[in-house]
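In what follows, a single structure is set out as structure tokens and then discussed.
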Protein chains: 2
Amino acid sequence: MDLDVFTFELTMFNTFKTYIQAQADLSDEEVQQMYDLATERSLRRKEMLLQEGEICRYKVFIAKGLLRTYRIKEDGSEHIIQFSPENGWTVEPESYDKVIPTAYNIDALEASELLLWTKKDFVDLQESIPKLKSFSQRVISNSTYIIRERVYSAISSSAEEKYDEFVKQHPSLFARVPLHMVASYLGVSRETLSRIRIAQVGR
Amino acid sequence: MDLDVFTFELTMFNTFKTYIQAQADLSDEEVQQMYDLATERSLRRKEMLLQEGEICRYKVFIAKGLLRTYRIKEDGSEHIIQFSPENGWTVEPESYDKVIPTAYNIDALEASELLLWTKKDFVDLQESIPKLKSFSQRVISNSTYIIRERVYSAISSSAEEKYDEFVKQHPSLFARVPLHMVASYLGVSRETLSRIRIAQVGR
DNA sequence: TTAAAACGGTGACAAATGTCCTCGCTTTTG
DNA sequence: CAAAAGCGAGGACATTTGTCACCGTTTTAA
């Protein structure tokens with residue numbers, strides 16, 4: 001039992017350390033400094049991390065697993081804005097930045113292991129670790145480029161083109177995410193994707 | 001003639017000063033410092049500011065007029081990513097940040113008057129004017145919230161819902177932009193918007 | 001000022017996509 | 001292990017949306 005907890009923490013830490021040193025080139029001490037302020041959290045499949053109406057108070061690193069960020073329309077339909085696999089981050093930026101209730105939900109598609117930082121702690125870390133600050137800005141910039149591309153795809157492509165792009169650009173996600181969620185992410189119906197894939201058999 | 005140039009510059013400067021002091025609370029000296037490093041540029045209707053393949057080397061403030069950022073698909077169709085009216089900014093972030101050729105085009109829908117800063121000058125200004133730095137980050141953050149909302153709209157709404165949202169959220173733009181460009185921005189055909197608006201007559 | 005371009009409406013038709021339903025099969029969960 | 005839920009294929013049909021062609025009016029620009 002104690003051994004399990006130890007193994008868990010060791011894995012979390014190692015995963016994070018490997019990631020952040022490769023991406024942001026932090027020293028061992030800086031990584032430890034970050035880790036000391038992090039909260040660990042495990043999520044079972046389907047468990048919620050953030051619900052509509054709550055305030056997003058954490059910046060989240062996904063050490064293991066897969067999360068999704070989605071929104072529910074008045075008619076009850078779910079629309080997925082983002083998938084967040086391991087070795088990446090998730091946050092609801094507007095709620096986090098402005099400290100206002102979110103319109104989004106975040107939950108786990110697979111059992112996941114997370115590291116959480118409060119906004120205050122993360123800001124402090126950015127101040128004391130300059131490389132973390134520039135790295136964070138790079139992550140945010142990258143997400144901007146990606147989301148612009150997504151808008152372009154949404155307004156310019158047919159369902160089939162969107163599907164093909166998704167498979168091509170996110171092959172590992174495609175292998176892990178059920179088709180109806182890919183459909184939700186792309187903004188088309190499950191049945192449409194089903195048809196497309198059938199029509200493509202043999203191509 | 002000299003008077004015209006003088007009037008033009010005076011207008012540009014005053015517009016910018018009013019905007020930036022209201023938004024970023026800069027001192028008169030700081031505004032002057034920014035203005036000293038800016039290049040003025042006028043664009044006639046349809047004139048290009050940035051073409052696909054070029055590098056976006058400027059951050060642009062629109063003192064007067066209206067720009068659009070769009071992309072051309074392989075099949076030749078145009079898709080508008082963004083409208084940029086006066087008292088706002090435009091830039092192609094990925095090309096600007098990474099200094100790589102852009103996939104986008106920017107041109108003027110109306111005769112426009114602009115202030116341009118090179119990346120180097122703008123970075124220097126941000127260093128010497130802390131309020132400008134935080135203001136710039138706020139502008140970027142805001143565009144992130146807006147573009148996420150746009151993705152959500154694109155994947156969750158019908159053509160009619162998108163049209164209604166656009167009219168409601170951008171009434172002044174709607175009054176200035178031809179319908180087929182609204183269609184291009186929303187990712188639907190001109191004819192679809194035509195039908196929607198006809199069906200709505202009397203409502 | 002006048003020819004050309006832009007603009008939006010229109011109808012007919014085709015194509016794409018959504019909706020609703022059922023059916024096996026697989027995975028999850030208690 | 002067994003019941004329940006999840007999942008994707010599939011068919012039938014309705015609806016939405018796109019495409020094309022044409023027209024009259026307005027705006028633009030030489």
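Letters A, B, ... go to the chains of the structure tokens in the order shown; residues in each chain start at 1; ligands are counted from 1 in the same order.
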Could I get the residues of chain C with an atom no further than 12 Å from an atom of chain A, each paired with its nearest atom pair and that distance in Å to one decimal, using only C-alpha atoms (C1' of nucleotides), sorted by chain and residue number, as JSON lines?
```
{"residue": "C:DA15", "atom": "C1'", "partner": "A:Ser158", "partner_atom": "CA", "distance": 11.8}
{"residue": "C:DA16", "atom": "C1'", "partner": "A:Ala159", "partner_atom": "CA", "distance": 8.8}
{"residue": "C:DT17", "atom": "C1'", "partner": "A:Thr192", "partner_atom": "CA", "distance": 6.7}
{"residue": "C:DG18", "atom": "C1'", "partner": "A:Ser189", "partner_atom": "CA", "distance": 6.9}
{"residue": "C:DT19", "atom": "C1'", "partner": "A:Glu191", "partner_atom": "CA", "distance": 9.5}
{"residue": "C:DC20", "atom": "C1'", "partner": "A:Glu191", "partner_atom": "CA", "distance": 11.2}
{"residue": "C:DT28", "atom": "C1'", "partner": "A:Arg45", "partner_atom": "CA", "distance": 10.4}
{"residue": "C:DT29", "atom": "C1'", "partner": "A:Arg45", "partner_atom": "CA", "distance": 11.6}
```
Deliver the residues from the most recent selection as a file, using C-alpha atoms (C1' of nucleotides), as a CSV table (one decimal), in the first residue's frame.
```csv
chain,number,residue,atom,x,y,z
C,15,DA,C1',-25.5,16.9,-52.6
C,16,DA,C1',-24.4,16.8,-47.9
C,17,DT,C1',-25.8,16.2,-43.5
C,18,DG,C1',-29.0,15.5,-39.7
C,19,DT,C1',-32.4,12.7,-37.3
C,20,DC,C1',-34.4,8.6,-35.8
C,28,DT,C1',-17.4,-1.5,-18.5
C,29,DT,C1',-18.9,-2.1,-14.0
```
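For chain A, the residues having at least one atom no farther than 9 Å from chain D, when counting only C-alpha atoms (C1' of nucleotides), are Pro178, Leu179, His180, Arg190, Glu191, Ser194, Arg195 and Ile198 of chain A.
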Shell around Val182 in chain A at 10 Å using only C-alpha atoms (C1' of nucleotides), local window under 5 positions removed, as a PyMOL selection string = chain A and resi 79-80+83+163+166-167+173-174+177+187-190+193
Could you save those same residues with N, CA and C atoms as a PDB file, in the first residue's frame?
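This is the output file selection_28.pdb:
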```pdb
ATOM      1  N   HIS A  79     -20.523  19.445 -26.991  1.00  0.00           N
ATOM      2  CA  HIS A  79     -19.599  19.820 -28.055  1.00  0.00           C
ATOM      3  C   HIS A  79     -18.191  19.933 -27.492  1.00  0.00           C
ATOM      4  N   ILE A  80     -17.313  19.095 -28.020  1.00  0.00           N
ATOM      5  CA  ILE A  80     -15.963  18.997 -27.471  1.00  0.00           C
ATOM      6  C   ILE A  80     -15.047  20.032 -28.111  1.00  0.00           C
ATOM      7  N   PHE A  83      -9.259  17.985 -26.750  1.00  0.00           N
ATOM      8  CA  PHE A  83      -8.771  16.774 -26.093  1.00  0.00           C
ATOM      9  C   PHE A  83      -7.406  17.091 -25.487  1.00  0.00           C
ATOM     10  N   TYR A 163     -12.567  15.279 -41.190  1.00  0.00           N
ATOM     11  CA  TYR A 163     -12.260  13.936 -40.680  1.00  0.00           C
ATOM     12  C   TYR A 163     -10.847  13.517 -41.097  1.00  0.00           C
ATOM     13  N   PHE A 166      -8.241  15.353 -39.199  1.00  0.00           N
ATOM     14  CA  PHE A 166      -8.115  14.897 -37.810  1.00  0.00           C
ATOM     15  C   PHE A 166      -7.313  13.606 -37.722  1.00  0.00           C
ATOM     16  N   VAL A 167      -7.646  12.667 -38.574  1.00  0.00           N
ATOM     17  CA  VAL A 167      -6.937  11.384 -38.559  1.00  0.00           C
ATOM     18  C   VAL A 167      -5.452  11.602 -38.846  1.00  0.00           C
ATOM     19  N   LEU A 173      -4.529  10.222 -31.005  1.00  0.00           N
ATOM     20  CA  LEU A 173      -5.819  10.537 -30.401  1.00  0.00           C
ATOM     21  C   LEU A 173      -6.932   9.742 -31.070  1.00  0.00           C
ATOM     22  N   PHE A 174      -6.875   9.692 -32.374  1.00  0.00           N
ATOM     23  CA  PHE A 174      -7.917   8.996 -33.129  1.00  0.00           C
ATOM     24  C   PHE A 174      -8.048   7.546 -32.683  1.00  0.00           C
ATOM     25  N   VAL A 177      -9.918   7.733 -29.013  1.00  0.00           N
ATOM     26  CA  VAL A 177     -11.170   8.462 -28.786  1.00  0.00           C
ATOM     27  C   VAL A 177     -12.293   7.812 -29.592  1.00  0.00           C
ATOM     28  N   GLY A 187     -17.745  18.818 -35.095  1.00  0.00           N
ATOM     29  CA  GLY A 187     -18.984  19.548 -35.349  1.00  0.00           C
ATOM     30  C   GLY A 187     -19.855  18.895 -36.396  1.00  0.00           C
ATOM     31  N   VAL A 188     -19.771  17.583 -36.513  1.00  0.00           N
ATOM     32  CA  VAL A 188     -20.658  16.851 -37.422  1.00  0.00           C
ATOM     33  C   VAL A 188     -21.303  15.698 -36.654  1.00  0.00           C
ATOM     34  N   SER A 189     -22.271  15.060 -37.273  1.00  0.00           N
ATOM     35  CA  SER A 189     -22.940  13.979 -36.554  1.00  0.00           C
ATOM     36  C   SER A 189     -22.121  12.694 -36.636  1.00  0.00           C
ATOM     37  N   ARG A 190     -22.329  11.863 -35.646  1.00  0.00           N
ATOM     38  CA  ARG A 190     -21.721  10.548 -35.591  1.00  0.00           C
ATOM     39  C   ARG A 190     -21.988   9.777 -36.880  1.00  0.00           C
ATOM     40  N   LEU A 193     -19.797  10.732 -39.883  1.00  0.00           N
ATOM     41  CA  LEU A 193     -18.454  10.144 -39.866  1.00  0.00           C
ATOM     42  C   LEU A 193     -18.506   8.662 -40.214  1.00  0.00           C
TER      43      LEU A 193
END
```
Could the residues of chain B that have an atom at most 7 Å from chain A be listed as JSON lines, each with its closest atom pair and the distance in Å to one decimal, counting only C-alpha atoms and ordered by chain and ascending residue number?
```
{"residue": "B:His79", "atom": "CA", "partner": "A:Ser156", "partner_atom": "CA", "distance": 6.4}
{"residue": "B:Ile81", "atom": "CA", "partner": "A:Tyr152", "partner_atom": "CA", "distance": 6.7}
{"residue": "B:Glu94", "atom": "CA", "partner": "A:Tyr145", "partner_atom": "CA", "distance": 6.1}
{"residue": "B:Thr144", "atom": "CA", "partner": "A:Thr144", "partner_atom": "CA", "distance": 6.8}
{"residue": "B:Tyr145", "atom": "CA", "partner": "A:Glu94", "partner_atom": "CA", "distance": 6.1}
{"residue": "B:Val151", "atom": "CA", "partner": "A:Val151", "partner_atom": "CA", "distance": 5.8}
{"residue": "B:Tyr152", "atom": "CA", "partner": "A:Ile81", "partner_atom": "CA", "distance": 6.7}
{"residue": "B:Ala154", "atom": "CA", "partner": "A:Ala154", "partner_atom": "CA", "distance": 6.3}
{"residue": "B:Ile155", "atom": "CA", "partner": "A:Gly187", "partner_atom": "CA", "distance": 3.9}
{"residue": "B:Ser156", "atom": "CA", "partner": "A:Gly187", "partner_atom": "CA", "distance": 6.1}
{"residue": "B:Leu186", "atom": "CA", "partner": "A:Ile155", "partner_atom": "CA", "distance": 6.3}
{"residue": "B:Gly187", "atom": "CA", "partner": "A:Ile155", "partner_atom": "CA", "distance": 3.9}
```
Can you write out the residues you just picked, keeping C-alpha atoms, as an mmCIF file, in the first residue's frame?
```
data_model
loop_
_atom_site.group_PDB
_atom_site.id
_atom_site.type_symbol
_atom_site.label_atom_id
_atom_site.label_comp_id
_atom_site.auth_asym_id
_atom_site.auth_seq_id
_atom_site.Cartn_x
_atom_site.Cartn_y
_atom_site.Cartn_z
ATOM 1 C CA HIS B 79 -12.348 32.223 -46.186
ATOM 2 C CA ILE B 81 -10.792 34.545 -40.434
ATOM 3 C CA GLU B 94 2.241 32.743 -36.247
ATOM 4 C CA THR B 144 -8.031 33.837 -27.260
ATOM 5 C CA TYR B 145 -11.383 33.911 -25.486
ATOM 6 C CA VAL B 151 -14.807 27.471 -32.517
ATOM 7 C CA TYR B 152 -17.674 26.577 -30.228
ATOM 8 C CA ALA B 154 -18.674 26.814 -35.561
ATOM 9 C CA ILE B 155 -19.079 23.267 -34.247
ATOM 10 C CA SER B 156 -22.339 23.689 -32.373
ATOM 11 C CA LEU B 186 -19.312 32.145 -40.934
ATOM 12 C CA GLY B 187 -18.400 29.304 -43.259
#
```
Could you name the residues that touch range 25-32 of chain A at 10 Å or less, counting only C-alpha atoms (C1' of nucleotides), but leaving out those on the same chain fewer than 2 positions away, as a short mmCIF file (atom, residue, chain, number, x, y, z; two decimals) with C-alpha atoms, in the first residue's frame?
```
data_model
loop_
_atom_site.label_atom_id
_atom_site.label_comp_id
_atom_site.auth_asym_id
_atom_site.auth_seq_id
_atom_site.Cartn_x
_atom_site.Cartn_y
_atom_site.Cartn_z
CA PHE A 13 7.33 13.12 -10.79
CA PHE A 16 6.72 15.61 -15.27
CA LYS A 17 10.46 16.03 -14.89
CA THR A 18 11.21 14.39 -18.21
CA TYR A 19 8.62 16.55 -19.94
CA ILE A 20 9.48 19.89 -18.42
CA GLN A 21 13.22 19.47 -18.77
CA ALA A 22 12.91 18.50 -22.41
CA GLN A 23 10.55 21.37 -23.14
CA MET A 34 7.60 23.37 -9.18
CA TYR A 35 6.75 19.93 -7.92
CA ASP A 36 6.77 21.10 -4.31
CA LEU A 37 3.93 23.51 -5.07
CA ALA A 38 1.90 21.05 -7.14
CA LEU A 125 6.90 30.09 -10.08
CA SER A 128 11.23 32.90 -9.88
CA ILE A 129 11.90 30.67 -12.90
CA PRO A 130 12.29 32.85 -16.03
CA LYS A 131 12.53 29.83 -18.29
CA LEU A 132 9.15 28.68 -17.04
CA PHE A 135 7.93 28.33 -21.86
#
```
For CA of Arg68 in chain B and CA of Ile106 in chain B, the interatomic separation in Å (one decimal) |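 Separation between CA of Arg68 in chain B and CA of Ile106 in chain B: 5.6 Å.
Coordinates place CA of Ser112 in chain B at a distance of 27.3 Å from C1' of DT2 in chain C.
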Do you have the CA of Ala103 in chain B-CA of Ser134 in chain A distance handy?
-> 25.5 Å
